[in-house]
file model01.txt (compact mmCIF, C-alpha atoms and all ligand atoms)
# COMPACT_ATOMS: atom_id res chain seq x y z
CA MET V 1 -19.06 -3.88 -15.09
CA GLN V 2 -17.95 -0.31 -14.42
CA ILE V 3 -16.58 0.90 -11.11
CA LYS V 4 -17.91 4.35 -10.29
CA LYS V 5 -18.21 4.41 -6.50
CA VAL V 6 -15.29 3.16 -4.45
CA GLY V 7 -14.99 2.59 -0.73
CA VAL V 8 -11.54 2.56 0.85
CA VAL V 9 -11.17 1.18 4.36
CA GLY V 10 -8.23 2.83 6.11
CA CYS V 11 -6.80 6.29 5.41
CA GLY V 12 -3.22 5.66 6.54
CA LEU V 13 0.01 5.42 4.56
CA MET V 14 -1.46 3.32 1.72
CA GLY V 15 -5.18 4.02 2.14
CA HIS V 16 -4.94 7.79 1.69
CA GLY V 17 -2.99 7.29 -1.53
CA ILE V 18 -5.56 4.81 -2.88
CA VAL V 19 -8.38 7.23 -2.06
CA GLN V 20 -6.53 9.95 -3.93
CA VAL V 21 -5.66 8.02 -7.12
CA ALA V 22 -9.19 6.60 -7.34
CA ALA V 23 -10.62 10.13 -7.09
CA GLN V 24 -8.08 11.42 -9.63
CA GLY V 25 -9.31 8.62 -11.90
CA GLY V 26 -12.86 9.98 -11.76
CA CYS V 27 -14.41 7.69 -9.13
CA ASN V 28 -16.48 8.96 -6.24
CA VAL V 29 -14.64 7.74 -3.17
CA ILE V 30 -15.78 7.21 0.37
CA CYS V 31 -13.09 6.63 2.91
CA LEU V 32 -13.82 4.75 6.13
CA GLU V 33 -11.71 5.15 9.25
CA ALA V 34 -12.24 3.91 12.77
CA GLU V 35 -11.93 7.37 14.33
CA GLN V 36 -12.53 10.90 13.13
CA ALA V 37 -9.00 11.96 14.12
CA PHE V 38 -7.43 9.32 11.78
CA LEU V 39 -9.79 10.39 9.03
CA ASP V 40 -8.88 14.06 9.44
CA LYS V 41 -5.18 13.25 9.32
CA GLY V 42 -5.55 11.15 6.15
CA LEU V 43 -7.74 13.71 4.38
CA ALA V 44 -5.30 16.52 5.23
CA ARG V 45 -2.52 14.43 3.73
CA ILE V 46 -4.53 13.92 0.53
CA GLU V 47 -5.15 17.65 0.26
CA LYS V 48 -1.45 18.37 0.60
CA SER V 49 -0.53 15.77 -2.01
CA VAL V 50 -3.20 16.92 -4.49
CA GLU V 51 -1.94 20.51 -4.13
CA LYS V 52 1.67 19.39 -4.60
CA LEU V 53 0.82 17.46 -7.77
CA ALA V 54 -1.14 20.43 -9.13
CA GLN V 55 1.81 22.72 -8.48
CA LYS V 56 4.16 20.22 -10.21
CA ALA V 57 1.85 20.01 -13.25
CA VAL V 58 2.02 23.81 -13.61
CA GLU V 59 5.81 23.91 -13.11
CA LYS V 60 6.29 21.23 -15.77
CA GLY V 61 4.00 23.08 -18.20
CA LYS V 62 1.52 20.19 -18.25
CA ALA V 63 -1.40 22.38 -17.16
CA SER V 64 -2.25 26.04 -16.76
CA GLU V 65 -2.63 27.27 -13.19
CA ALA V 66 -6.41 27.57 -13.62
CA ASP V 67 -6.78 24.06 -15.07
CA ALA V 68 -4.55 22.51 -12.40
CA LYS V 69 -6.56 24.23 -9.65
CA ALA V 70 -9.85 23.11 -11.18
CA ALA V 71 -8.64 19.50 -11.52
CA ALA V 72 -7.42 19.50 -7.92
CA ALA V 73 -10.74 20.86 -6.67
CA ALA V 74 -12.63 18.26 -8.72
CA THR V 75 -10.51 15.44 -7.24
CA LEU V 76 -11.07 16.65 -3.69
CA GLY V 77 -14.77 17.12 -4.42
CA ARG V 78 -15.11 13.42 -5.22
CA ILE V 79 -13.79 12.36 -1.79
CA ARG V 80 -15.90 11.93 1.33
CA GLY V 81 -14.91 10.55 4.72
CA THR V 82 -16.96 8.46 7.14
CA THR V 83 -16.61 6.49 10.36
CA ASN V 84 -19.78 4.47 9.64
CA LYS V 85 -19.39 1.15 7.79
CA ALA V 86 -23.01 1.30 6.60
CA ASP V 87 -22.00 4.18 4.28
CA LEU V 88 -20.15 1.65 2.10
CA ALA V 89 -23.37 -0.23 1.28
CA ASP V 90 -23.73 0.99 -2.33
CA CYS V 91 -20.05 0.86 -3.36
CA ASP V 92 -19.13 -0.92 -6.62
CA LEU V 93 -15.72 -1.71 -5.14
CA VAL V 94 -14.37 -1.69 -1.59
CA VAL V 95 -10.58 -1.69 -1.15
CA GLU V 96 -9.23 -2.62 2.27
CA ALA V 97 -6.00 -0.92 3.40
CA ILE V 98 -5.92 -1.50 7.15
CA VAL V 99 -3.30 -2.98 9.47
CA GLU V 100 -1.45 -6.13 8.28
CA ASP V 101 -3.29 -8.51 10.59
CA LEU V 102 -5.06 -11.38 8.84
CA GLY V 103 -7.55 -11.96 11.67
CA VAL V 104 -8.61 -8.31 11.67
CA LYS V 105 -8.89 -8.26 7.87
CA LYS V 106 -11.00 -11.44 7.78
CA ALA V 107 -13.34 -10.09 10.45
CA LEU V 108 -13.72 -6.84 8.50
CA PHE V 109 -14.56 -8.64 5.25
CA ALA V 110 -17.04 -10.92 7.01
CA GLU V 111 -18.83 -7.80 8.29
CA LEU V 112 -18.64 -5.98 4.94
CA GLY V 113 -20.07 -9.08 3.26
CA SER V 114 -23.37 -8.43 4.97
CA ILE V 115 -23.29 -4.63 4.47
CA VAL V 116 -22.16 -4.01 0.87
CA LYS V 117 -24.52 -4.69 -2.06
CA LYS V 118 -24.23 -8.19 -3.51
CA GLN V 119 -22.70 -7.03 -6.85
CA GLY V 120 -19.99 -5.07 -5.01
CA ILE V 121 -16.39 -6.22 -5.55
CA PHE V 122 -14.01 -6.58 -2.61
CA ALA V 123 -10.26 -6.06 -2.79
CA SER V 124 -7.44 -6.21 -0.28
CA ASN V 125 -4.27 -4.15 -0.52
CA THR V 126 -2.47 -6.69 1.66
CA SER V 127 1.29 -6.90 1.14
CA SER V 128 1.56 -10.58 1.87
CA PHE V 129 -1.49 -12.43 3.18
CA PRO V 130 -3.38 -15.01 1.10
CA ILE V 131 -6.18 -13.33 -0.80
CA GLY V 132 -8.08 -16.65 -0.84
CA GLU V 133 -8.51 -16.68 2.94
CA MET V 134 -10.02 -13.19 3.01
CA ALA V 135 -12.17 -14.04 -0.01
CA GLU V 136 -13.66 -17.02 1.84
CA ALA V 137 -14.29 -14.92 4.95
CA SER V 138 -16.16 -12.30 2.88
CA GLY V 139 -18.77 -14.83 1.74
CA ARG V 140 -18.29 -13.74 -1.92
CA PRO V 141 -15.03 -15.38 -3.07
CA GLU V 142 -15.89 -15.01 -6.76
CA ARG V 143 -16.10 -11.21 -6.34
CA PHE V 144 -12.79 -10.84 -4.53
CA VAL V 145 -9.32 -9.78 -5.79
CA GLY V 146 -6.06 -8.43 -4.45
CA LEU V 147 -5.22 -4.86 -5.49
CA HIS V 148 -1.72 -4.24 -4.27
CA PHE V 149 -0.51 -0.66 -4.64
CA PHE V 150 2.98 0.66 -3.91
CA ASN V 151 4.23 3.37 -1.64
CA PRO V 152 3.95 6.29 -2.36
CA VAL V 153 0.75 5.34 -4.14
CA GLN V 154 0.49 8.75 -5.83
CA LEU V 155 3.85 8.30 -7.58
CA MET V 156 4.40 4.56 -8.09
CA ARG V 157 3.04 3.34 -11.41
CA LEU V 158 2.36 -0.29 -10.57
CA VAL V 159 -0.65 -2.11 -9.19
CA GLU V 160 -0.63 -5.90 -8.80
CA VAL V 161 -4.03 -7.42 -9.50
CA VAL V 162 -4.26 -10.76 -7.74
CA ARG V 163 -6.75 -13.48 -8.57
CA THR V 164 -7.62 -16.68 -6.77
CA ASP V 165 -9.05 -19.84 -8.35
CA ALA V 166 -12.50 -18.54 -7.40
CA THR V 167 -12.22 -15.02 -8.89
CA ASP V 168 -14.78 -14.36 -11.61
CA ASP V 169 -13.22 -13.32 -14.98
CA GLU V 170 -15.44 -10.28 -15.24
CA VAL V 171 -14.53 -9.16 -11.73
CA PHE V 172 -10.84 -9.55 -12.50
CA ALA V 173 -11.20 -7.51 -15.70
CA ALA V 174 -13.09 -4.78 -13.82
CA ALA V 175 -10.35 -4.64 -11.17
CA ARG V 176 -7.66 -4.28 -13.84
CA SER V 177 -9.64 -1.48 -15.52
CA PHE V 178 -9.97 0.26 -12.17
CA GLY V 179 -6.16 0.06 -11.76
CA GLU V 180 -5.75 1.67 -15.18
CA ALA V 181 -8.28 4.39 -14.29
CA CYS V 182 -6.10 5.13 -11.24
CA GLY V 183 -3.23 5.84 -13.65
CA LYS V 184 -1.41 2.58 -12.93
CA SER V 185 0.02 -0.20 -15.07
CA PRO V 186 -1.62 -3.36 -13.74
CA VAL V 187 0.13 -6.72 -13.69
CA SER V 188 -1.76 -9.96 -13.10
CA CYS V 189 -0.56 -12.21 -10.29
CA LYS V 190 -1.56 -15.49 -8.76
CA ASP V 191 -2.30 -15.70 -5.04
CA THR V 192 1.26 -16.56 -3.98
CA PRO V 193 3.25 -15.17 -0.99
CA GLY V 194 4.28 -11.58 -1.76
CA PHE V 195 2.82 -11.81 -5.28
CA VAL V 196 5.60 -10.59 -7.63
CA VAL V 197 7.18 -7.48 -6.11
CA ASN V 198 7.33 -8.32 -2.42
CA ARG V 199 8.48 -11.90 -3.07
CA LEU V 200 11.57 -10.34 -4.68
CA LEU V 201 11.84 -7.09 -2.72
CA VAL V 202 11.41 -8.22 0.90
CA PRO V 203 14.13 -10.93 0.79
CA PHE V 204 16.39 -8.27 -0.81
CA MET V 205 15.69 -5.89 2.10
CA VAL V 206 16.32 -8.76 4.56
CA GLN V 207 19.72 -9.42 2.97
CA ALA V 208 20.63 -5.74 3.26
CA LEU V 209 19.65 -5.67 6.97
CA SER V 210 21.62 -8.86 7.57
CA MET V 211 24.69 -7.24 5.99
CA LEU V 212 24.26 -4.26 8.29
CA GLU V 213 23.83 -6.56 11.29
CA ARG V 214 27.03 -8.43 10.44
CA GLY V 215 28.88 -5.14 9.97
CA ASP V 216 29.78 -5.95 6.35
CA ALA V 217 29.17 -2.32 5.34
CA THR V 218 27.57 0.84 6.73
CA LYS V 219 23.93 1.61 6.03
CA GLU V 220 25.01 4.57 3.90
CA ASP V 221 27.37 2.43 1.82
CA ILE V 222 24.82 -0.36 1.34
CA ASP V 223 22.33 2.20 0.04
CA THR V 224 24.84 4.00 -2.16
CA ALA V 225 26.00 0.67 -3.58
CA MET V 226 22.52 -0.28 -4.77
CA GLN V 227 21.67 3.24 -5.95
CA PHE V 228 24.80 3.77 -7.99
CA GLY V 229 25.63 0.15 -8.74
CA CYS V 230 22.17 -0.94 -9.80
CA GLY V 231 20.33 2.33 -10.48
CA HIS V 232 17.76 1.85 -7.71
CA PRO V 233 15.99 5.12 -6.82
CA MET V 234 16.70 4.53 -3.13
CA GLY V 235 18.86 1.98 -1.33
CA PRO V 236 17.37 -0.98 0.58
CA ILE V 237 17.93 0.45 4.08
CA THR V 238 16.24 3.74 3.20
CA LEU V 239 13.52 1.76 1.46
CA THR V 240 12.87 -0.27 4.64
CA ASP V 241 12.42 3.03 6.50
CA TYR V 242 10.15 4.20 3.71
CA VAL V 243 7.96 1.08 3.71
CA GLY V 244 7.88 0.96 7.55
CA LEU V 245 9.87 -1.36 9.78
CA ASP V 246 6.69 -2.64 11.44
CA THR V 247 5.11 -3.41 8.07
CA THR V 248 8.25 -5.23 6.93
CA LEU V 249 8.27 -7.23 10.17
CA TYR V 250 4.55 -8.14 9.88
CA ILE V 251 5.13 -9.39 6.34
CA LEU V 252 8.07 -11.54 7.44
CA GLU V 253 6.32 -12.88 10.54
CA GLY V 254 3.34 -13.98 8.43
CA TRP V 255 5.61 -15.75 5.95
CA CYS V 256 7.78 -17.36 8.67
CA GLU V 257 4.67 -18.82 10.25
CA ARG V 258 3.54 -20.34 6.96
CA TYR V 259 6.95 -21.24 5.49
CA PRO V 260 9.26 -21.85 8.48
CA ASP V 261 11.88 -23.60 6.32
CA GLU V 262 12.32 -20.78 3.77
CA PRO V 263 15.70 -19.07 4.52
CA ALA V 264 14.82 -16.04 2.38
CA PHE V 265 12.19 -15.06 4.98
CA ALA V 266 14.47 -15.25 8.09
CA ILE V 267 13.93 -12.17 10.27
CA PRO V 268 17.04 -10.10 11.16
CA ALA V 269 17.25 -9.44 14.94
CA LEU V 270 18.02 -5.79 14.17
CA LEU V 271 14.59 -5.37 12.63
CA ARG V 272 12.83 -6.77 15.70
CA GLU V 273 14.90 -4.54 18.02
CA LYS V 274 14.08 -1.35 16.11
CA VAL V 275 10.35 -2.12 16.00
CA LYS V 276 10.36 -2.93 19.72
CA ALA V 277 11.98 0.46 20.34
CA GLY V 278 9.21 2.19 18.34
CA LYS V 279 11.60 3.09 15.52
CA LEU V 280 9.29 2.36 12.63
CA GLY V 281 10.96 4.40 9.89
CA ARG V 282 9.74 7.52 8.10
CA LYS V 283 6.28 7.36 9.70
CA SER V 284 7.66 7.59 13.27
CA GLY V 285 10.47 10.04 12.42
CA GLU V 286 13.20 7.44 12.93
CA GLY V 287 14.11 3.97 11.72
CA PHE V 288 17.57 3.23 10.42
CA PHE V 289 17.74 6.93 9.50
CA LYS V 290 16.08 10.06 10.94
CA TRP V 291 13.21 11.68 9.03
CA ASP V 292 11.44 15.02 8.95
CA GLY V 293 8.21 14.23 7.07
CA ASP V 294 9.24 12.93 3.65
CA LYS V 295 12.85 14.14 3.99
CA LYS V 296 15.70 12.05 5.34
CA VAL V 297 17.63 14.24 7.78
CA GLY V 298 20.26 12.02 9.33
N1 LIG V 301 2.24 13.15 -3.30
C1 LIG V 301 2.65 14.18 -4.06
N2 LIG V 301 3.93 14.50 -4.24
C2 LIG V 301 4.85 13.73 -3.65
C3 LIG V 301 4.52 12.62 -2.85
C4 LIG V 301 3.14 12.35 -2.67
N3 LIG V 301 2.73 11.34 -1.94
N4 LIG V 301 5.65 12.04 -2.41
C5 LIG V 301 6.67 12.75 -2.89
N5 LIG V 301 6.19 13.77 -3.65
C6 LIG V 301 6.93 14.78 -4.36
C7 LIG V 301 8.13 15.26 -3.56
O1 LIG V 301 7.73 16.23 -2.63
C8 LIG V 301 9.04 15.81 -4.66
O2 LIG V 301 8.68 17.13 -4.95
P1 LIG V 301 9.86 18.22 -5.27
O3 LIG V 301 10.51 17.73 -6.52
O4 LIG V 301 9.11 19.50 -5.46
O5 LIG V 301 10.77 18.23 -4.08
C9 LIG V 301 8.67 14.92 -5.86
O6 LIG V 301 7.46 14.23 -5.55
C10 LIG V 301 9.70 13.89 -6.19
O7 LIG V 301 10.18 13.32 -4.99
P2 LIG V 301 11.72 13.16 -4.75
O8 LIG V 301 12.44 14.43 -4.84
O9 LIG V 301 11.87 12.39 -3.48
O10 LIG V 301 12.18 12.43 -6.07
P3 LIG V 301 12.36 10.99 -6.57
O11 LIG V 301 12.53 11.17 -8.02
O12 LIG V 301 13.42 10.31 -5.77
O13 LIG V 301 11.02 10.14 -6.37
C11 LIG V 301 10.23 8.19 -5.24
C12 LIG V 301 10.59 9.65 -5.14
C13 LIG V 301 9.19 7.99 -6.37
C14 LIG V 301 9.62 7.79 -3.93
C15 LIG V 301 11.50 7.36 -5.62
O14 LIG V 301 12.52 7.62 -4.69
C16 LIG V 301 11.24 5.87 -5.64
O15 LIG V 301 10.74 5.34 -6.62
N6 LIG V 301 11.60 5.17 -4.54
C17 LIG V 301 11.37 3.74 -4.40
C18 LIG V 301 10.01 3.54 -3.79
C19 LIG V 301 9.61 2.09 -3.78
O16 LIG V 301 10.35 1.19 -4.11
N7 LIG V 301 8.35 1.87 -3.36
C20 LIG V 301 7.83 0.55 -3.26
C21 LIG V 301 7.94 0.12 -1.85
S1 LIG V 301 7.34 -1.52 -1.63
C22 LIG V 301 5.73 -1.32 -1.36
O17 LIG V 301 5.18 -0.26 -1.29
C23 LIG V 301 4.95 -2.57 -1.19
C24 LIG V 301 4.49 -2.77 0.22
O18 LIG V 301 3.57 -3.83 0.22
C25 LIG V 301 5.62 -3.08 1.17
call {"tool": "encode", "arguments": {"input": "model01.txt", "output": "C-alpha cells", "more": "lines below"}}
Ligand code: 3HC
result
Amino acid sequence: MQIKKVGVVGCGLMGHGIVQVAAQGGCNVICLEAEQAFLDKGLARIEKSVEKLAQKAVEKGKASEADAKAAAAATLGRIRGTTNKADLADCDLVVEAIVEDLGVKKALFAELGSIVKKQGIFASNTSSFPIGEMAEASGRPERFVGLHFFNPVQLMRLVEVVRTDATDDEVFAAARSFGEACGKSPVSCKDTPGFVVNRLLVPFMVQALSMLERGDATKEDIDTAMQFGCGHPMGPITLTDYVGLDTTLYILEGWCERYPDEPAFAIPALLREKVKAGKLGRKSGEGFFKWDGDKKVG
C-alpha cells in the first residue's frame, strides 16, 4: 500500500507544515481550506518556508544553489490548493489538521467518508482527542490512524502514529512509511489522551503557568531555568506561546471534561484570561511574550 496522493484539510499552523513535508517527501498534495483567503495565506507561508530551507541547504553546503532551487521548485510543483472537498476523492491518504473541536472533526470525517475512495486512509493530526471516536464517525475505522506532527512541522523530527483497536495492520504500516517519507522518525502510540508527547508536555506547561500565576518566579526565569537547567530548546512559557494559548486551552478543556479528577490537567486561570483577551501567543503577536512573526520581541 503506497501513499502517492495526499489530501490535507486545513492550511493553518500545522496543516501548512504537513502539506510541505509531504510534498518534500515526493507526494502530490492537495490542500483543502474553507476559504480562498486562508488557502492563499497558508500557501504563501509554505513558499517562504521552502525558500528558507533551500537557502539553508546552500549555506550549509548540503546542496548547490541550482540543485536547491530545483528541489524547491519541485516541492512547490507538487502542491495544489482547493476549496472543494470533492477534489479529495482520489487521495490515498487524507490528513485532517483543522480546529481542535471534536464535533467539527467528526462531522468532517463523516462527510469525507462518502467522498474519498474506499481504499483511502484517513488520519487526524489532533493533539488530544480520541482517534477512535473520529474513526467511528468516518465509517471506515479500520482505515483510520492518528498522525500527530509537531510544531514547527518543517523542523521537528517526530511524528506519533496512533492506532486504535480497529486499525488495520497494513494501514498502520503505510502510515508509518508515510511519516518516514516526510523525513520524520515515527513512534507508535496507543489511542490514549495526549498520546506520548502531549501527555508529558502539557502538564509540564500547566505547572510552569501555575508557577507564574503564584508568582514563584518570573516568566523569563522559568524559561531560562528549563533551558539552561535541563537543556530544553525553549522554556515552557515561550513554548506555550509557540504552540498557541488557545490550542493549549482546547487540549486541557477536552481532557478536563473526560477526566475531571486528574489534577495534572487542571487549567490555570491565567491561561483562560489570556485567551479571553485574544492573546493567543506567537500567532496573534502576543501571549505571555510579544512576537514579530517567528521572533520573540518582548
Ligand atoms: N520553515 C523553515 N525554516 C524555519 C521554520 C520553518 N517553519 N521555522 C524556523 N525556521 C528557521 C529559522 O528562521 C532559523 O533560521 P536562521 O538560522 O536563518 O535564523 C532556523 O530555522 C532555526 O531557527 P532558530 O534560530 O529559532 O533556531 P533553533 O535552533 O532554536 O530551532 C526550534 C527552532 C526547532 C523551533 C527549537 O527552538 C525547538 O525545538 N523548540 C521546541 C519546539 C517544540 O517543542 N515543539 C513541539 C511543540 S508541541 C506540539 O507541537 C504538539 C501540539 O499538539 C501541541
call {"tool": "residues_near_ligand", "arguments": {"input": "model01.txt", "ligand": "ligand LIG 301 (chain V)", "cutoff": "8 Å", "atoms": "only C-alpha atoms and all ligand atoms", "output": "NGL selection string"}}
result
:V and (17 or 46 or 48-53 or 56 or 125-128 or 148-156 or 197-198 or 201-202 or 232-234 or 239 or 242-244 or 247-248 or 294-295)
call {"tool": "atom_distance", "arguments": {"input": "model01.txt", "atom1": "atom CA of V:Arg199", "atom2": "atom CA of V:Gly254"}}
result
12.8 Å
call {"tool": "atom_distance", "arguments": {"input": "model01.txt", "atom1": "atom CA of V:Gln24", "atom2": "atom CA of V:Thr75"}}
result
5.3 Å
call {"tool": "atom_distance", "arguments": {"input": "model01.txt", "atom1": "atom CA of V:Asp87", "atom2": "atom CA of V:Pro186"}}
result
28.2 Å
call {"tool": "closest_residue", "arguments": {"input": "model01.txt", "among": "V:Ala66, V:Cys182, V:Phe129, V:Ile18", "to": "V:Ile251", "atoms": "all atoms listed in the file"}}
result
V:Phe129
